[in-house]
>>> print(open('my_file.cif').read())   # mmCIF, C-alpha atoms and all ligand atoms
data_entry
#
loop_
_atom_site.group_PDB
_atom_site.id
_atom_site.type_symbol
_atom_site.label_atom_id
_atom_site.label_comp_id
_atom_site.auth_asym_id
_atom_site.auth_seq_id
_atom_site.Cartn_x
_atom_site.Cartn_y
_atom_site.Cartn_z
ATOM 1 C CA MET X 103 99.210 147.395 128.496
ATOM 2 C CA GLU X 104 97.305 144.211 127.601
ATOM 3 C CA LYS X 105 99.491 141.545 125.938
ATOM 4 C CA MET X 106 98.598 141.122 122.261
ATOM 5 C CA LYS X 107 97.184 137.676 121.421
ATOM 6 C CA ASN X 108 99.368 135.636 119.053
ATOM 7 C CA THR X 109 97.253 135.206 115.924
ATOM 8 C CA SER X 110 100.008 133.853 113.689
ATOM 9 C CA MET X 111 99.010 130.892 111.511
ATOM 10 C CA PHE X 112 102.306 129.357 112.609
ATOM 11 C CA ASP X 113 101.535 129.581 116.327
ATOM 12 C CA LEU X 114 101.671 126.145 117.977
ATOM 13 C CA SER X 115 100.609 127.213 121.473
ATOM 14 C CA GLY X 116 98.497 124.514 123.089
ATOM 15 C CA LYS X 117 99.688 121.856 120.610
ATOM 16 C CA VAL X 118 101.372 118.628 121.702
ATOM 17 C CA ALA X 119 104.107 117.225 119.444
ATOM 18 C CA MET X 120 106.041 113.969 119.665
ATOM 19 C CA VAL X 121 109.369 113.743 117.807
ATOM 20 C CA THR X 122 110.821 110.259 117.398
ATOM 21 C CA GLY X 123 114.611 110.358 117.545
ATOM 22 C CA GLY X 124 114.189 113.894 118.894
ATOM 23 C CA ASN X 125 117.209 113.701 121.190
ATOM 24 C CA GLY X 126 119.795 114.758 118.608
ATOM 25 C CA GLY X 127 120.512 115.790 115.026
ATOM 26 C CA ILE X 128 117.588 116.736 112.801
ATOM 27 C CA GLY X 129 115.018 115.534 115.370
ATOM 28 C CA PHE X 130 116.353 117.897 117.999
ATOM 29 C CA GLY X 131 116.523 120.746 115.462
ATOM 30 C CA ILE X 132 112.837 120.165 114.700
ATOM 31 C CA ALA X 133 111.865 119.724 118.372
ATOM 32 C CA THR X 134 113.540 123.031 119.221
ATOM 33 C CA GLU X 135 111.660 124.987 116.567
ATOM 34 C CA LEU X 136 108.318 123.348 117.452
ATOM 35 C CA ALA X 137 108.946 124.386 121.066
ATOM 36 C CA ASN X 138 109.925 127.907 119.956
ATOM 37 C CA ALA X 139 106.590 128.110 118.132
ATOM 38 C CA GLY X 140 104.785 127.242 121.384
ATOM 39 C CA ALA X 141 104.248 123.474 121.237
ATOM 40 C CA SER X 142 104.725 121.134 124.181
ATOM 41 C CA VAL X 143 107.272 118.601 122.977
ATOM 42 C CA VAL X 144 107.826 114.927 123.767
ATOM 43 C CA ILE X 145 111.284 113.616 122.893
ATOM 44 C CA ALA X 146 110.974 109.894 122.136
ATOM 45 C CA ALA X 147 114.113 107.811 121.579
ATOM 46 C CA ARG X 148 116.107 104.880 122.996
ATOM 47 C CA ASN X 149 119.032 106.655 124.668
ATOM 48 C CA THR X 150 117.385 108.049 127.800
ATOM 49 C CA SER X 151 120.316 110.133 129.052
ATOM 50 C CA LYS X 152 120.637 111.833 125.635
ATOM 51 C CA SER X 153 116.857 112.443 125.684
ATOM 52 C CA GLU X 154 117.028 113.913 129.188
ATOM 53 C CA SER X 155 119.739 116.383 128.179
ATOM 54 C CA ALA X 156 117.678 117.364 125.115
ATOM 55 C CA VAL X 157 114.708 118.013 127.416
ATOM 56 C CA LEU X 158 116.885 120.084 129.722
ATOM 57 C CA LYS X 159 117.936 122.285 126.794
ATOM 58 C CA LEU X 160 114.292 122.799 125.804
ATOM 59 C CA THR X 161 113.006 123.497 129.316
ATOM 60 C CA SER X 162 115.887 125.907 129.952
ATOM 61 C CA MET X 163 114.589 128.009 127.057
ATOM 62 C CA GLY X 164 111.153 128.063 128.720
ATOM 63 C CA ALA X 165 109.495 125.242 126.763
ATOM 64 C CA THR X 166 107.277 122.477 128.093
ATOM 65 C CA ALA X 167 109.123 119.278 127.225
ATOM 66 C CA LEU X 168 109.558 115.762 128.491
ATOM 67 C CA SER X 169 111.106 112.556 127.277
ATOM 68 C CA THR X 170 109.876 109.016 126.939
ATOM 69 C CA GLU X 171 111.884 105.921 126.125
ATOM 70 C CA LEU X 172 110.974 104.640 122.688
ATOM 71 C CA ASP X 173 112.206 101.892 120.417
ATOM 72 C CA ALA X 174 110.218 102.882 117.345
ATOM 73 C CA THR X 175 110.640 99.410 115.841
ATOM 74 C CA ASP X 176 108.858 97.750 118.763
ATOM 75 C CA GLU X 177 105.053 97.672 118.845
ATOM 76 C CA ASN X 178 104.767 97.605 122.658
ATOM 77 C CA SER X 179 107.290 100.379 123.101
ATOM 78 C CA VAL X 180 105.409 102.559 120.582
ATOM 79 C CA GLN X 181 102.114 101.919 122.376
ATOM 80 C CA SER X 182 103.504 102.830 125.771
ATOM 81 C CA ALA X 183 105.246 106.023 124.529
ATOM 82 C CA ILE X 184 102.068 107.283 122.897
ATOM 83 C CA ASN X 185 99.928 106.266 125.879
ATOM 84 C CA MET X 186 102.302 108.173 128.139
ATOM 85 C CA THR X 187 102.012 111.281 125.930
ATOM 86 C CA VAL X 188 98.230 111.147 125.826
ATOM 87 C CA SER X 189 97.893 110.478 129.538
ATOM 88 C CA ARG X 190 100.256 113.363 130.357
ATOM 89 C CA PHE X 191 98.817 115.943 127.915
ATOM 90 C CA GLY X 192 95.366 114.538 127.098
ATOM 91 C CA LYS X 193 96.050 114.479 123.343
ATOM 92 C CA ILE X 194 98.638 114.384 120.573
ATOM 93 C CA ASP X 195 98.428 116.921 117.745
ATOM 94 C CA VAL X 196 101.695 116.398 115.864
ATOM 95 C CA LEU X 197 103.788 113.295 115.213
ATOM 96 C CA VAL X 198 107.211 113.713 113.629
ATOM 97 C CA ASN X 199 108.477 110.336 112.430
ATOM 98 C CA ASN X 200 112.167 111.183 112.363
ATOM 99 C CA ALA X 201 113.943 108.135 113.882
ATOM 100 C CA GLY X 202 116.314 106.702 111.331
ATOM 101 C CA THR X 203 119.490 104.784 110.713
ATOM 102 C CA ASN X 204 121.791 103.726 107.904
ATOM 103 C CA ILE X 205 124.295 100.958 107.220
ATOM 104 C CA ARG X 206 126.578 101.977 104.379
ATOM 105 C CA LYS X 207 127.721 99.221 102.032
ATOM 106 C CA PHE X 208 127.119 98.031 98.492
ATOM 107 C CA PRO X 209 123.835 96.175 97.764
ATOM 108 C CA GLN X 210 125.390 92.692 97.498
ATOM 109 C CA GLU X 211 126.961 92.975 100.976
ATOM 110 C CA TYR X 212 123.876 93.206 103.216
ATOM 111 C CA SER X 213 122.724 90.435 105.523
ATOM 112 C CA ILE X 214 118.998 89.969 106.042
ATOM 113 C CA ASP X 215 119.384 91.294 109.603
ATOM 114 C CA GLU X 216 120.984 94.495 108.335
ATOM 115 C CA TRP X 217 118.233 94.901 105.742
ATOM 116 C CA GLY X 218 115.614 94.369 108.457
ATOM 117 C CA LYS X 219 117.261 96.820 110.840
ATOM 118 C CA VAL X 220 117.281 99.661 108.311
ATOM 119 C CA LEU X 221 113.756 98.991 106.999
ATOM 120 C CA GLY X 222 112.465 98.555 110.549
ATOM 121 C CA THR X 223 113.964 101.774 111.870
ATOM 122 C CA ASN X 224 113.188 103.983 108.875
ATOM 123 C CA LEU X 225 109.856 102.658 107.601
ATOM 124 C CA THR X 226 108.130 100.121 109.872
ATOM 125 C CA SER X 227 108.596 102.600 112.733
ATOM 126 C CA MET X 228 106.429 105.090 110.810
ATOM 127 C CA PHE X 229 103.710 102.507 110.325
ATOM 128 C CA LEU X 230 103.710 101.635 114.040
ATOM 129 C CA CYS X 231 103.744 105.233 115.321
ATOM 130 C CA SER X 232 101.232 106.538 112.780
ATOM 131 C CA ARG X 233 98.808 103.674 113.381
ATOM 132 C CA GLU X 234 99.029 104.268 117.116
ATOM 133 C CA VAL X 235 98.360 108.026 116.972
ATOM 134 C CA HIS X 236 95.538 107.741 114.463
ATOM 135 C CA PRO X 237 92.662 107.108 116.913
ATOM 136 C CA HIS X 238 93.832 109.910 119.198
ATOM 137 C CA MET X 239 94.107 112.403 116.340
ATOM 138 C CA ALA X 240 90.855 111.309 114.712
ATOM 139 C CA GLN X 241 88.904 111.537 117.979
ATOM 140 C CA GLY X 242 90.568 114.873 118.744
ATOM 141 C CA GLY X 243 89.372 116.403 115.459
ATOM 142 C CA GLY X 244 92.596 116.071 113.451
ATOM 143 C CA GLY X 245 96.371 116.187 113.514
ATOM 144 C CA LYS X 246 99.606 116.484 111.607
ATOM 145 C CA ILE X 247 102.034 113.715 110.680
ATOM 146 C CA ILE X 248 105.450 114.706 109.364
ATOM 147 C CA ASN X 249 107.613 111.935 107.982
ATOM 148 C CA ILE X 250 111.305 112.348 107.308
ATOM 149 C CA GLY X 251 112.475 111.034 103.952
ATOM 150 C CA SER X 252 115.768 111.810 102.244
ATOM 151 C CA MET X 253 117.332 112.666 98.895
ATOM 152 C CA THR X 254 117.357 108.866 98.482
ATOM 153 C CA SER X 255 113.559 109.049 98.376
ATOM 154 C CA ILE X 256 114.215 110.436 94.867
ATOM 155 C CA PHE X 257 117.670 109.334 93.770
ATOM 156 C CA GLY X 258 119.337 105.932 93.714
ATOM 157 C CA ILE X 259 122.192 105.348 96.133
ATOM 158 C CA ASP X 260 125.065 102.969 95.415
ATOM 159 C CA TRP X 261 126.150 102.747 99.061
ATOM 160 C CA GLY X 262 122.950 102.243 101.090
ATOM 161 C CA ALA X 263 120.299 100.316 99.138
ATOM 162 C CA PRO X 264 118.058 99.445 102.143
ATOM 163 C CA TYR X 265 118.215 103.082 103.216
ATOM 164 C CA GLY X 266 117.092 104.165 99.729
ATOM 165 C CA ALA X 267 114.368 101.499 99.666
ATOM 166 C CA SER X 268 113.062 102.602 103.054
ATOM 167 C CA LYS X 269 113.119 106.303 102.174
ATOM 168 C CA GLY X 270 111.372 105.686 98.846
ATOM 169 C CA GLY X 271 108.750 103.813 100.849
ATOM 170 C CA VAL X 272 108.366 106.758 103.231
ATOM 171 C CA VAL X 273 107.016 108.955 100.425
ATOM 172 C CA GLN X 274 104.446 106.437 99.214
ATOM 173 C CA TYR X 275 103.428 105.447 102.748
ATOM 174 C CA THR X 276 102.884 109.108 103.601
ATOM 175 C CA LYS X 277 100.751 109.658 100.489
ATOM 176 C CA SER X 278 98.624 106.674 101.498
ATOM 177 C CA LEU X 279 98.075 108.159 104.962
ATOM 178 C CA ALA X 280 97.213 111.515 103.372
ATOM 179 C CA VAL X 281 94.553 109.941 101.190
ATOM 180 C CA ALA X 282 93.112 107.628 103.843
ATOM 181 C CA TRP X 283 93.020 110.048 106.746
ATOM 182 C CA ALA X 284 91.997 113.310 105.021
ATOM 183 C CA LYS X 285 88.455 112.608 106.226
ATOM 184 C CA ASP X 286 89.779 112.633 109.786
ATOM 185 C CA ASN X 287 91.392 116.049 109.184
ATOM 186 C CA ILE X 288 94.851 114.508 109.518
ATOM 187 C CA GLN X 289 97.462 115.956 107.169
ATOM 188 C CA ALA X 290 100.486 113.748 106.423
ATOM 189 C CA ASN X 291 103.477 115.199 104.600
ATOM 190 C CA THR X 292 107.098 114.269 103.924
ATOM 191 C CA ILE X 293 110.180 116.423 104.399
ATOM 192 C CA LEU X 294 113.198 115.389 102.351
ATOM 193 C CA PRO X 295 116.329 116.681 104.048
ATOM 194 C CA GLY X 296 119.340 117.173 101.828
ATOM 195 C CA TRP X 297 122.804 116.590 103.239
ATOM 196 C CA ILE X 298 122.759 117.703 106.877
ATOM 197 C CA HIS X 299 125.586 117.649 109.429
ATOM 198 C CA THR X 300 124.561 115.156 112.158
ATOM 199 C CA ASP X 301 125.938 112.038 113.875
ATOM 200 C CA LEU X 302 124.450 109.977 111.042
ATOM 201 C CA THR X 303 126.610 111.681 108.420
ATOM 202 C CA SER X 304 129.682 112.790 110.414
ATOM 203 C CA LYS X 305 131.785 109.800 109.356
ATOM 204 C CA ILE X 306 131.420 110.725 105.686
ATOM 205 C CA LYS X 307 133.475 113.849 106.353
ATOM 206 C CA THR X 308 136.068 112.204 108.583
ATOM 207 C CA GLU X 309 136.431 108.771 106.951
ATOM 208 C CA HIS X 310 135.483 109.449 103.330
ATOM 209 C CA PRO X 311 136.624 113.016 102.623
ATOM 210 C CA GLU X 312 136.553 112.488 98.842
ATOM 211 C CA ARG X 313 132.854 111.507 99.016
ATOM 212 C CA TYR X 314 132.158 114.494 101.291
ATOM 213 C CA SER X 315 133.766 116.880 98.772
ATOM 214 C CA SER X 316 131.988 115.385 95.789
ATOM 215 C CA ILE X 317 128.613 115.655 97.602
ATOM 216 C CA THR X 318 129.339 119.264 98.595
ATOM 217 C CA SER X 319 130.262 120.227 95.059
ATOM 218 C CA ARG X 320 126.884 118.915 93.829
ATOM 219 C CA ILE X 321 124.833 121.044 96.294
ATOM 220 C CA PRO X 322 123.748 124.290 94.559
ATOM 221 C CA ALA X 323 123.867 126.170 97.886
ATOM 222 C CA GLY X 324 127.532 125.142 98.100
ATOM 223 C CA ARG X 325 127.277 123.812 101.639
ATOM 224 C CA TRP X 326 125.663 121.141 103.815
ATOM 225 C CA GLY X 327 122.636 122.070 105.954
ATOM 226 C CA GLU X 328 122.412 122.247 109.742
ATOM 227 C CA PRO X 329 119.655 120.576 111.832
ATOM 228 C CA PRO X 330 117.790 123.791 112.811
ATOM 229 C CA GLU X 331 117.274 124.511 109.095
ATOM 230 C CA LEU X 332 114.649 121.727 109.016
ATOM 231 C CA GLY X 333 112.699 123.430 111.802
ATOM 232 C CA GLY X 334 110.854 126.070 109.776
ATOM 233 C CA THR X 335 109.291 123.542 107.406
ATOM 234 C CA ALA X 336 108.341 121.337 110.350
ATOM 235 C CA VAL X 337 106.641 124.274 112.101
ATOM 236 C CA PHE X 338 104.760 125.109 108.899
ATOM 237 C CA LEU X 339 103.595 121.491 108.458
ATOM 238 C CA SER X 340 102.555 121.341 112.137
ATOM 239 C CA SER X 341 100.543 124.548 111.981
ATOM 240 C CA SER X 342 97.180 125.653 110.617
ATOM 241 C CA ALA X 343 99.100 127.356 107.773
ATOM 242 C CA SER X 344 99.324 123.913 106.131
ATOM 243 C CA ASP X 345 95.754 122.709 106.737
ATOM 244 C CA TYR X 346 95.085 122.245 102.996
ATOM 245 C CA ILE X 347 98.434 120.560 102.295
ATOM 246 C CA THR X 348 98.574 116.791 102.549
ATOM 247 C CA GLY X 349 100.641 114.124 100.803
ATOM 248 C CA ALA X 350 103.207 116.751 99.817
ATOM 249 C CA VAL X 351 106.909 116.039 99.521
ATOM 250 C CA ILE X 352 109.074 119.019 100.426
ATOM 251 C CA PRO X 353 112.839 119.017 99.904
ATOM 252 C CA VAL X 354 114.934 121.103 102.309
ATOM 253 C CA ASP X 355 118.184 120.587 100.523
ATOM 254 C CA GLY X 356 119.959 123.723 99.324
ATOM 255 C CA GLY X 357 118.704 122.902 95.821
ATOM 256 C CA TYR X 358 120.188 119.372 95.598
ATOM 257 C CA ALA X 359 116.988 117.760 94.247
ATOM 258 C CA SER X 360 116.616 120.422 91.542
ATOM 259 C CA PHE X 361 120.098 119.956 90.144
HETATM 260 P P1 LIG I 401 121.034 110.998 114.050
HETATM 261 O O1 LIG I 401 121.797 109.726 114.033
HETATM 262 O O2 LIG I 401 121.642 112.213 114.629
HETATM 263 O O3 LIG I 401 119.616 110.785 114.716
HETATM 264 C C1 LIG I 401 118.885 109.610 114.563
HETATM 265 C C2 LIG I 401 117.908 109.551 115.705
HETATM 266 O O4 LIG I 401 117.085 108.409 115.567
HETATM 267 C C3 LIG I 401 118.606 109.468 117.036
HETATM 268 O O5 LIG I 401 118.053 110.475 117.851
HETATM 269 C C4 LIG I 401 118.269 108.084 117.558
HETATM 270 O O6 LIG I 401 118.112 108.137 118.968
HETATM 271 C C5 LIG I 401 116.967 107.807 116.840
HETATM 272 N N1 LIG I 401 116.683 106.393 116.632
HETATM 273 C C6 LIG I 401 117.396 105.488 115.926
HETATM 274 N N2 LIG I 401 116.829 104.282 116.015
HETATM 275 C C7 LIG I 401 115.723 104.424 116.794
HETATM 276 C C8 LIG I 401 114.733 103.537 117.259
HETATM 277 N N3 LIG I 401 114.740 102.233 116.956
HETATM 278 N N4 LIG I 401 113.745 104.026 118.045
HETATM 279 C C9 LIG I 401 113.719 105.336 118.363
HETATM 280 N N5 LIG I 401 114.628 106.226 117.962
HETATM 281 C C10 LIG I 401 115.628 105.769 117.192
HETATM 282 O O7 LIG I 401 120.643 111.240 112.521
HETATM 283 P P2 LIG I 401 119.914 112.425 111.747
HETATM 284 O O8 LIG I 401 119.473 113.476 112.671
HETATM 285 O O9 LIG I 401 120.772 112.738 110.608
HETATM 286 O O10 LIG I 401 118.648 111.639 111.175
HETATM 287 C C11 LIG I 401 117.317 111.949 111.484
HETATM 288 C C12 LIG I 401 116.442 111.558 110.309
HETATM 289 O O11 LIG I 401 116.791 112.349 109.180
HETATM 290 C C13 LIG I 401 116.605 110.103 109.885
HETATM 291 O O12 LIG I 401 115.353 109.584 109.499
HETATM 292 C C14 LIG I 401 117.530 110.214 108.692
HETATM 293 O O13 LIG I 401 117.384 109.140 107.803
HETATM 294 C C15 LIG I 401 117.035 111.512 108.087
HETATM 295 N N6 LIG I 401 117.947 112.141 107.156
HETATM 296 C C16 LIG I 401 119.178 112.609 107.544
HETATM 297 C C17 LIG I 401 119.993 113.234 106.630
HETATM 298 C C18 LIG I 401 121.312 113.798 106.989
HETATM 299 O O14 LIG I 401 122.023 114.268 106.082
HETATM 300 N N7 LIG I 401 121.700 113.829 108.252
HETATM 301 C C19 LIG I 401 119.598 113.383 105.228
HETATM 302 C C20 LIG I 401 118.299 112.850 104.938
HETATM 303 C C21 LIG I 401 117.514 112.258 105.862
HETATM 304 P P3 LIG I 401 118.446 106.884 119.953
HETATM 305 O O15 LIG I 401 119.723 106.303 119.473
HETATM 306 O O16 LIG I 401 118.509 107.499 121.305
HETATM 307 O O17 LIG I 401 117.280 105.969 119.805
#
>>> encode(input="my_file.cif", output="structure tokens")
Amino acid sequence: MEKMKNTSMFDLSGKVAMVTGGNGGIGFGIATELANAGASVVIAARNTSKSESAVLKLTSMGATALSTELDATDENSVQSAINMTVSRFGKIDVLVNNAGTNIRKFPQEYSIDEWGKVLGTNLTSMFLCSREVHPHMAQGGGGKIINIGSMTSIFGIDWGAPYGASKGGVVQYTKSLAVAWAKDNIQANTILPGWIHTDLTSKIKTEHPERYSSITSRIPAGRWGEPPELGGTAVFLSSSASDYITGAVIPVDGGYASF
């Protein structure tokens, strides 16, 4: 019997997606679901052995995946990672700007270097990667940019002011891309993860259990999320199902932002 053609709007077969910080946590959860939907995936991060094991997991499930070393805060590194992707696959259809970091302290305690590190990793990285993919997407007839914000894109945070400043900036930066690049058929949207179990947040549970409990009690779903739970929204925003959606801000948070 002839195999039925996949006509799902969510099908990503033939698409090429780069996920910054895709070697673990939310980035890997997203990379896995993009691969499951048929995309070829490039894992771009600094830790090359972690990226190689992420690639191994993806290829062992039958996906096309490779890794490239990327420091998303460094202009030359961004250029070479995107050049590598385009020379390997001939194009780039989807960019997920997921790389991120946090330094948790009170606002008066930050040094300028710490401020710069958080802003650079969470926000300037998006500028560098988005600027670099733009000509490839525009010449290729369009593309999808998915930027990862946070609940701190909406709410103030006592214990991470540069993180909150960067994540607030992510929303407005993404809206600017949406407006500027609509004519190039590039859709740019923001996902706001709620509280998700990853390396970035693991110390809250182990070192600050009272904070962990008070966060959990404020989540309407009654639990933290897991990285794969970001994957469905990322597939949607990478697919033709979202072609008329740009500049949107979508919480994936168990109801936290509605409470
Ligand atoms: P992880 O610490 O697990 O992942 C962060 C990733 O970013 C790592 O893969 C890391 O890889 C990469 N990264 C960090 N700095 C750079 C850099 N300079 N260049 C390239 N890659 C870099 O954290 P999460 O998965 O939790 O975080 C992913 C995103 O989700 C972040 O933007 C974070 O702010 C956001 N987020 C997370 C939430 C949560 O509850 N976990 C909630 C809201 C938002 P490597 O070290 O190899 O470079």
>>> residues_near_ligand(input="my_file.cif", ligand="ligand LIG 401 (chain I)", cutoff="6 Å", atoms="all atoms listed in the file", output="PyMOL selection string")
chain X and resi 122-129+147-149+172-175+200-203+223+250-252+295-303
>>> write_last_selection(input="my_file.cif", atoms="C-alpha atoms", output="compact mmCIF listing (two decimals), keeping the file's coordinate frame")
# COMPACT_ATOMS: atom_id res chain seq x y z
CA THR X 122 110.82 110.26 117.40
CA GLY X 123 114.61 110.36 117.54
CA GLY X 124 114.19 113.89 118.89
CA ASN X 125 117.21 113.70 121.19
CA GLY X 126 119.80 114.76 118.61
CA GLY X 127 120.51 115.79 115.03
CA ILE X 128 117.59 116.74 112.80
CA GLY X 129 115.02 115.53 115.37
CA ALA X 147 114.11 107.81 121.58
CA ARG X 148 116.11 104.88 123.00
CA ASN X 149 119.03 106.66 124.67
CA LEU X 172 110.97 104.64 122.69
CA ASP X 173 112.21 101.89 120.42
CA ALA X 174 110.22 102.88 117.34
CA THR X 175 110.64 99.41 115.84
CA ASN X 200 112.17 111.18 112.36
CA ALA X 201 113.94 108.14 113.88
CA GLY X 202 116.31 106.70 111.33
CA THR X 203 119.49 104.78 110.71
CA THR X 223 113.96 101.77 111.87
CA ILE X 250 111.30 112.35 107.31
CA GLY X 251 112.48 111.03 103.95
CA SER X 252 115.77 111.81 102.24
CA PRO X 295 116.33 116.68 104.05
CA GLY X 296 119.34 117.17 101.83
CA TRP X 297 122.80 116.59 103.24
CA ILE X 298 122.76 117.70 106.88
CA HIS X 299 125.59 117.65 109.43
CA THR X 300 124.56 115.16 112.16
CA ASP X 301 125.94 112.04 113.88
CA LEU X 302 124.45 109.98 111.04
CA THR X 303 126.61 111.68 108.42
>>> closest_residue(input="my_file.cif", among="X:Ser304, X:Asp260, X:Ile132, X:Asp355", to="X:Phe208", atoms="all atoms listed in the file")
X:Asp260
>>> atom_distance(input="my_file.cif", atom1="atom CA of X:Thr308", atom2="atom CA of X:Thr254")
21.5 Å
>>> resolve_selection(input="my_file.cif", expression="the PyMOL selection byres (((chain X and resi 140) around 7) and not hetatm)", output="VMD selection string")
chain X and resid 113 to 115 136 to 139 141 to 142
>>> residues_near_point(input="my_file.cif", point="(100.2, 117.2, 122.8)", cutoff="9 Å", atoms="only C-alpha atoms", output="list in words")
Gly116, Lys117, Val118, Ala119, Met120, Ala141, Ser142, Val143, Val144, Thr187, Val188, Arg190, Phe191, Gly192, Lys193, Ile194, Asp195 and Val196 of chain X
>>> axis_aligned_box(input="my_file.cif", around="stretch 173-184 of chain X", padding_each_side="3 Å", output="lines of an AutoDock Vina configuration file")
center_x = 107.1
center_y = 102.4
center_z = 120.8
size_x = 16.1
size_y = 15.7
size_z = 15.9
>>> residues_around(input="my_file.cif", residues="stretch 277-283 of chain X", least_positions_apart="3", cutoff="9 Å", atoms="all atoms listed in the file", output="list of chain:residue names")
X:Ser232, X:His236, X:Ala240, X:Ile247, X:Val272, X:Val273, X:Gln274, X:Asp286, X:Asn287, X:Ile288, X:Gln289, X:Ala290, X:Asn291, X:Thr292, X:Thr348, X:Gly349, X:Ala350, X:Val351
>>> atom_distance(input="my_file.cif", atom1="atom CA of X:Val157", atom2="atom CA of X:Phe130")
9.6 Å
>>> atom_distance(input="my_file.cif", atom1="atom CA of X:Ile352", atom2="atom CA of X:Ile321")
16.4 Å
>>> residues_around(input="my_file.cif", residues="X:Gly333", least_positions_apart="3", cutoff="6 Å", atoms="all atoms listed in the file", output="PyMOL selection string")
chain X and resi 131-132+135+330+336
>>> resolve_selection(input="my_file.cif", expression="the PyMOL selection byres (((chain X and resi 205) around 8) and not hetatm)", output="list in words")
Thr203, Asn204, Arg206, Lys207, Glu216, Val220, Gly262 and Tyr265 of chain X
>>> decode(input="my_file.cif", residues="stretch 114-119 of chain X", atoms="all heavy atoms", output="mmCIF file, in the first residue's frame")
data_model
loop_
_atom_site.group_PDB
_atom_site.id
_atom_site.type_symbol
_atom_site.label_atom_id
_atom_site.label_comp_id
_atom_site.auth_asym_id
_atom_site.auth_seq_id
_atom_site.Cartn_x
_atom_site.Cartn_y
_atom_site.Cartn_z
ATOM 1 N N LEU X 114 6.989 19.286 10.095
ATOM 2 C CA LEU X 114 8.204 20.084 9.877
ATOM 3 C C LEU X 114 9.202 19.356 8.976
ATOM 4 O O LEU X 114 10.381 19.738 8.936
ATOM 5 C CB LEU X 114 8.853 20.434 11.231
ATOM 6 C CG LEU X 114 7.996 21.257 12.207
ATOM 7 C CD1 LEU X 114 8.777 21.544 13.497
ATOM 8 C CD2 LEU X 114 7.545 22.574 11.569
ATOM 9 N N SER X 115 8.737 18.360 8.244
ATOM 10 C CA SER X 115 9.660 17.644 7.344
ATOM 11 C C SER X 115 10.286 18.623 6.363
ATOM 12 O O SER X 115 9.592 19.471 5.795
ATOM 13 C CB SER X 115 8.906 16.579 6.546
ATOM 14 O OG SER X 115 8.257 15.716 7.422
ATOM 15 N N GLY X 116 11.586 18.494 6.175
ATOM 16 C CA GLY X 116 12.294 19.359 5.228
ATOM 17 C C GLY X 116 12.729 20.683 5.837
ATOM 18 O O GLY X 116 13.439 21.465 5.208
ATOM 19 N N LYS X 117 12.300 20.969 7.067
ATOM 20 C CA LYS X 117 12.680 22.230 7.727
ATOM 21 C C LYS X 117 13.987 22.046 8.506
ATOM 22 O O LYS X 117 14.270 20.960 9.015
ATOM 23 C CB LYS X 117 11.594 22.682 8.715
ATOM 24 C CG LYS X 117 10.228 22.887 8.093
ATOM 25 C CD LYS X 117 10.195 24.108 7.214
ATOM 26 C CE LYS X 117 8.819 24.327 6.625
ATOM 27 N NZ LYS X 117 8.816 25.391 5.610
ATOM 28 N N VAL X 118 14.735 23.140 8.592
ATOM 29 C CA VAL X 118 16.007 23.132 9.328
ATOM 30 C C VAL X 118 15.875 24.100 10.513
ATOM 31 O O VAL X 118 15.546 25.280 10.318
ATOM 32 C CB VAL X 118 17.171 23.577 8.417
ATOM 33 C CG1 VAL X 118 18.474 23.651 9.210
ATOM 34 C CG2 VAL X 118 17.285 22.638 7.228
ATOM 35 N N ALA X 119 16.111 23.580 11.711
ATOM 36 C CA ALA X 119 15.936 24.394 12.927
ATOM 37 C C ALA X 119 17.220 24.433 13.736
ATOM 38 O O ALA X 119 17.850 23.393 13.956
ATOM 39 C CB ALA X 119 14.818 23.806 13.779
#
